Amino acid sequence: MFKNLIGGEWVEGPRTTRNINPSDTRDVVGEYAQADAAQARQAVAAAQQAFGAWSLSTPQQRFDILDAAGTEILARRAALGDLLAREEGKTLPEAIGEVVRAGNIFKFFAGEALRTGGEVLPSVRPGVGVEVTREPVGVVGLITPWNFPIAIPAWKIAPALACGNTVVFKPAELVPGSAWALADILQRAGLPAGVFNLVMGRGVEVGQVLLDDPRVAAISFTGSVATGQRIAAACVARMAKFQLEMGGKNPMVVLDDADLDIAVAAALNSGFSSTGQRCTASSRLIVTDGIHDRFVAAMAERIASLKVDDARKAGTDIGPVVDQSQLEQDLEYLDIGRAEGARLLGGERIEHNADGAPGFYLRPALFTETTAAMRINREEIFGPVVSVMRAKNYDEALALANDSPFGLSAGIATSSLKHATHFKRHMQAGMVMVNLPTAGVDFHVPFGGRKGSSYGPREQGRYAAEFYTTVKTAYTQA
Ligand code: NAD
């Protein structure tokens, strides 16, 4: 049984949960402890106790530990990738890629620990000096979703520790395996007891403690809009700092002058990789009239050739949906789209894979002849379901792309420098891609969105320090 890590000790919980492989629901990945509210509070207490010393630890100590964690993650990429693919269902190459990303993030923030700087300015008053420095915020609660079981925890934990905070980490219920492996690596990398705590358990119980406990100074959350709103309300009520990364309904505009192969490759990758379960997935393809029919025909042909099978099998293009309830949500949206009058290609439910194993398989689905008002174009589905909208020209395509409550990532396929430049400036999104998929981003630059997709400072890169530090301005009379 895999236990929680509280105050440097591995502890059992009052309950356990079974981690199930979505590619073969008969396969149990492992039995994982589930913390309750009392254990979550113990973890917060441990983090609070450890904060004093860790907040004063040297950059060298932080560098050594984060660098060692990154080195081990990279060295064990194959095994950790296999675990990730087994518990979450993305394909093995994608899972290994995610593990590598997590390793690189730890290495990056090891370096950032050495680079924490400040400013020295002359005062407007004679004889006075001004220093602006950054200090850690305290105990931070990190709450993560299931779709990136190691990369998202890494991009919260690494900057939190690099900046001198202590951490209570609550991973998503569906993916405790990668979270436990990461905790084990951090523990063995030499973190003092209580600096990093793992509490696996339910959001409404364990997560809620982090929101309500006054000893938790800040919450970094990635997940759904509905949970994000609850987190915002709870944090505002007690004036805790918070940061939210939430959903997306990311558009990809395809213009008449696009290279068809580039456009199709980008749309397929963005729409269906990771079974479409990426916050940055392109779920709205906005295609101008002159290329529309050729683009749809090419997409249909490529989609038909995609192999949906066990996530860990060589040659699989698309693994299963993560669980029964996400599958039901996807199927419900297929019904909604049909009822709204869209034309559906694909989207068949497959009960068993090629080897006869039962899993949550769904063939990629492409809706055509859709309009902006349809629910399938407004609400996040979070599955392998993509819709195509027609646009008369670039201006209409841009207007459609911006007609969304979300603003995470957006793409354009075009050979026009003029339109690409205009799109980069006028697209209301946190990330804009030209002739590239909307998903798949670098680990050393800011990540985040606008409108209903994000709230608070950006994650990743050196911008992460905005959230994980608080600024102090000191005045000295010489
Ligand atoms: P979710 O909101 O259901 O759960 C996210 C986390 O919040 C889980 O750990 C869950 O246990 C916890 N939680 C649930 N209720 C809670 C409560 N009352 N108090 C405290 N914590 C609580 O999301 P999910 O289904 O795991 O993930 C899918 C969602 O995540 C999608 O909407 C997707 O777009 C989003 N996502 C966003 C990004 C981004 O960076 N913008 C990245 C990945 C995923």
# chains A, B, ... in the order shown; residues from 1 in each chain; ligands from 1
>>> residues_near_ligand(ligand="ligand 1", cutoff="8 Å", atoms="only C-alpha atoms and all ligand atoms", output="ChimeraX atom specification")
/A:143-148,152,170-174,201-211,221-228,230-231,244-248,277-280,380,382,408,447-449,453-454
>>> residues_around(residues="Leu344 of chain A", least_positions_apart="2", cutoff="12 Å", atoms="only C-alpha atoms", output="list in words")
Val296, Ala300, Tyr333, Leu334, Asp335, Ile336, Gly337, Arg338, Ala339, Glu340, Gly341, Ala342, Gly346, Gly347, Glu348, Arg363, Pro364, Ala365, Leu366, Phe367, Thr368, Glu369, Thr370, Ile376, Val385, Val386, Ser387 and Val388 of chain A
>>> select_by_dssp(residues="segment 148-213 of chain A", states="strand (DSSP E or B)", output="compact mmCIF listing (two decimals) with all heavy atoms, in the first residue's frame")
# COMPACT_ATOMS: atom_id res chain seq x y z
N THR A 166 7.00 26.06 2.13
CA THR A 166 6.77 24.64 2.41
C THR A 166 5.43 24.26 1.78
O THR A 166 4.57 25.12 1.54
CB THR A 166 6.80 24.33 3.91
OG1 THR A 166 5.87 25.16 4.58
CG2 THR A 166 8.19 24.56 4.47
N VAL A 167 5.27 22.96 1.50
CA VAL A 167 4.20 22.53 0.61
C VAL A 167 3.33 21.44 1.23
O VAL A 167 3.84 20.50 1.84
CB VAL A 167 4.84 21.97 -0.70
CG1 VAL A 167 3.81 21.25 -1.56
CG2 VAL A 167 5.51 23.10 -1.48
N VAL A 168 2.01 21.59 1.03
CA VAL A 168 1.09 20.46 1.21
C VAL A 168 0.46 20.21 -0.16
O VAL A 168 -0.20 21.10 -0.71
CB VAL A 168 -0.01 20.75 2.26
CG1 VAL A 168 -0.93 19.54 2.40
CG2 VAL A 168 0.62 21.11 3.60
N PHE A 169 0.70 19.04 -0.70
CA PHE A 169 0.30 18.71 -2.07
C PHE A 169 -0.86 17.71 -2.05
O PHE A 169 -0.73 16.63 -1.49
CB PHE A 169 1.52 18.12 -2.79
CG PHE A 169 1.24 17.45 -4.11
CD1 PHE A 169 0.36 18.01 -5.04
CD2 PHE A 169 1.88 16.26 -4.45
CE1 PHE A 169 0.11 17.38 -6.26
CE2 PHE A 169 1.64 15.63 -5.66
CZ PHE A 169 0.75 16.19 -6.57
N LYS A 170 -1.98 18.12 -2.68
CA LYS A 170 -3.12 17.20 -2.82
C LYS A 170 -3.34 16.89 -4.30
O LYS A 170 -3.86 17.70 -5.06
CB LYS A 170 -4.41 17.79 -2.24
CG LYS A 170 -5.45 16.70 -2.05
CD LYS A 170 -6.86 17.11 -2.35
CE LYS A 170 -7.32 17.00 -3.75
NZ LYS A 170 -7.44 15.66 -4.34
N PHE A 196 7.92 19.18 2.50
CA PHE A 196 7.00 18.73 1.45
C PHE A 196 6.12 17.62 2.02
O PHE A 196 6.63 16.64 2.57
CB PHE A 196 7.77 18.20 0.24
CG PHE A 196 6.87 17.55 -0.77
CD1 PHE A 196 6.22 18.31 -1.72
CD2 PHE A 196 6.64 16.18 -0.73
CE1 PHE A 196 5.35 17.72 -2.62
CE2 PHE A 196 5.78 15.58 -1.64
CZ PHE A 196 5.14 16.36 -2.58
N ASN A 197 4.81 17.78 1.91
CA ASN A 197 3.87 16.79 2.43
C ASN A 197 2.90 16.37 1.33
O ASN A 197 2.42 17.22 0.57
CB ASN A 197 3.07 17.38 3.59
CG ASN A 197 3.99 17.88 4.69
OD1 ASN A 197 4.38 17.14 5.57
ND2 ASN A 197 4.36 19.17 4.61
N LEU A 198 2.64 15.07 1.27
CA LEU A 198 1.69 14.54 0.29
C LEU A 198 0.44 14.06 1.04
O LEU A 198 0.55 13.22 1.94
CB LEU A 198 2.32 13.35 -0.44
CG LEU A 198 1.36 12.52 -1.32
CD1 LEU A 198 0.99 13.28 -2.59
CD2 LEU A 198 1.99 11.17 -1.68
>>> select_by_dssp(residues="segment 321-404 of chain A", states="alpha helix (DSSP H)", output="VMD selection string")
chain A and resid 324 to 339 394 to 402
>>> write_last_selection(atoms="N, CA and C atoms", output="compact mmCIF listing (two decimals), in the first residue's frame")
# COMPACT_ATOMS: atom_id res chain seq x y z
N GLN A 324 -14.89 6.34 -16.25
CA GLN A 324 -16.29 6.17 -16.67
C GLN A 324 -17.02 7.52 -16.71
N SER A 325 -16.80 8.35 -15.71
CA SER A 325 -17.62 9.57 -15.66
C SER A 325 -17.19 10.56 -16.76
N GLN A 326 -15.89 10.62 -17.07
CA GLN A 326 -15.46 11.48 -18.19
C GLN A 326 -15.98 10.92 -19.51
N LEU A 327 -15.99 9.59 -19.63
CA LEU A 327 -16.52 8.96 -20.85
C LEU A 327 -18.00 9.32 -21.03
N GLU A 328 -18.74 9.25 -19.93
CA GLU A 328 -20.17 9.59 -20.01
C GLU A 328 -20.36 11.04 -20.42
N GLN A 329 -19.51 11.92 -19.90
CA GLN A 329 -19.59 13.34 -20.28
C GLN A 329 -19.33 13.50 -21.79
N ASP A 330 -18.31 12.80 -22.29
CA ASP A 330 -17.99 12.89 -23.72
C ASP A 330 -19.17 12.40 -24.57
N LEU A 331 -19.75 11.25 -24.17
CA LEU A 331 -20.86 10.67 -24.94
C LEU A 331 -22.08 11.60 -24.90
N GLU A 332 -22.27 12.24 -23.76
CA GLU A 332 -23.40 13.15 -23.63
C GLU A 332 -23.23 14.33 -24.60
N TYR A 333 -21.99 14.84 -24.72
CA TYR A 333 -21.76 15.95 -25.65
C TYR A 333 -21.90 15.50 -27.10
N LEU A 334 -21.62 14.23 -27.39
CA LEU A 334 -21.86 13.75 -28.76
C LEU A 334 -23.36 13.82 -29.05
N ASP A 335 -24.18 13.43 -28.08
CA ASP A 335 -25.65 13.51 -28.25
C ASP A 335 -26.09 14.97 -28.39
N ILE A 336 -25.50 15.82 -27.56
CA ILE A 336 -25.88 17.25 -27.59
C ILE A 336 -25.57 17.82 -28.98
N GLY A 337 -24.37 17.54 -29.50
CA GLY A 337 -23.96 18.06 -30.81
C GLY A 337 -24.89 17.58 -31.91
N ARG A 338 -25.22 16.30 -31.87
CA ARG A 338 -26.15 15.77 -32.90
C ARG A 338 -27.50 16.47 -32.78
N ALA A 339 -27.97 16.63 -31.54
CA ALA A 339 -29.28 17.26 -31.34
C ALA A 339 -29.25 18.73 -31.78
N TYR A 394 -10.67 36.10 -42.74
CA TYR A 394 -9.87 36.20 -41.50
C TYR A 394 -10.61 36.97 -40.41
N ASP A 395 -11.22 38.09 -40.77
CA ASP A 395 -11.87 38.92 -39.74
C ASP A 395 -12.96 38.15 -39.02
N GLU A 396 -13.75 37.42 -39.80
CA GLU A 396 -14.82 36.65 -39.16
C GLU A 396 -14.22 35.52 -38.32
N ALA A 397 -13.15 34.90 -38.82
CA ALA A 397 -12.51 33.81 -38.08
C ALA A 397 -11.98 34.31 -36.73
N LEU A 398 -11.35 35.49 -36.74
CA LEU A 398 -10.83 36.05 -35.48
C LEU A 398 -11.97 36.34 -34.51
N ALA A 399 -13.07 36.90 -35.04
CA ALA A 399 -14.21 37.22 -34.18
C ALA A 399 -14.78 35.93 -33.56
N LEU A 400 -14.87 34.88 -34.36
CA LEU A 400 -15.37 33.60 -33.83
C LEU A 400 -14.40 33.05 -32.78
N ALA A 401 -13.11 33.14 -33.06
CA ALA A 401 -12.11 32.62 -32.13
C ALA A 401 -12.23 33.31 -30.77
N ASN A 402 -12.49 34.62 -30.80
CA ASN A 402 -12.60 35.38 -29.54
C ASN A 402 -13.97 35.25 -28.88
>>> closest_residue(among="A:Gln460, A:Ser274, A:Thr16, A:Gln49", to="Pro384 of chain A", atoms="only C-alpha atoms")
A:Ser274
>>> residues_around(residues="Ser283 of chain A", least_positions_apart="4", cutoff="6 Å", atoms="only C-alpha atoms", output="CSV table (one decimal) with C-alpha atoms, in the first residue's frame")
chain,number,residue,atom,x,y,z
A,249,LYS,CA,-12.2,26.0,-25.5
A,250,ASN,CA,-9.1,26.7,-27.6
A,271,GLY,CA,-7.4,18.0,-30.8
A,386,VAL,CA,-13.5,18.6,-32.0
>>> residues_around(residues="Gln42 of chain A", least_positions_apart="6", cutoff="10 Å", atoms="only C-alpha atoms", output="ChimeraX atom specification")
/A:6-7,48,194,197,199
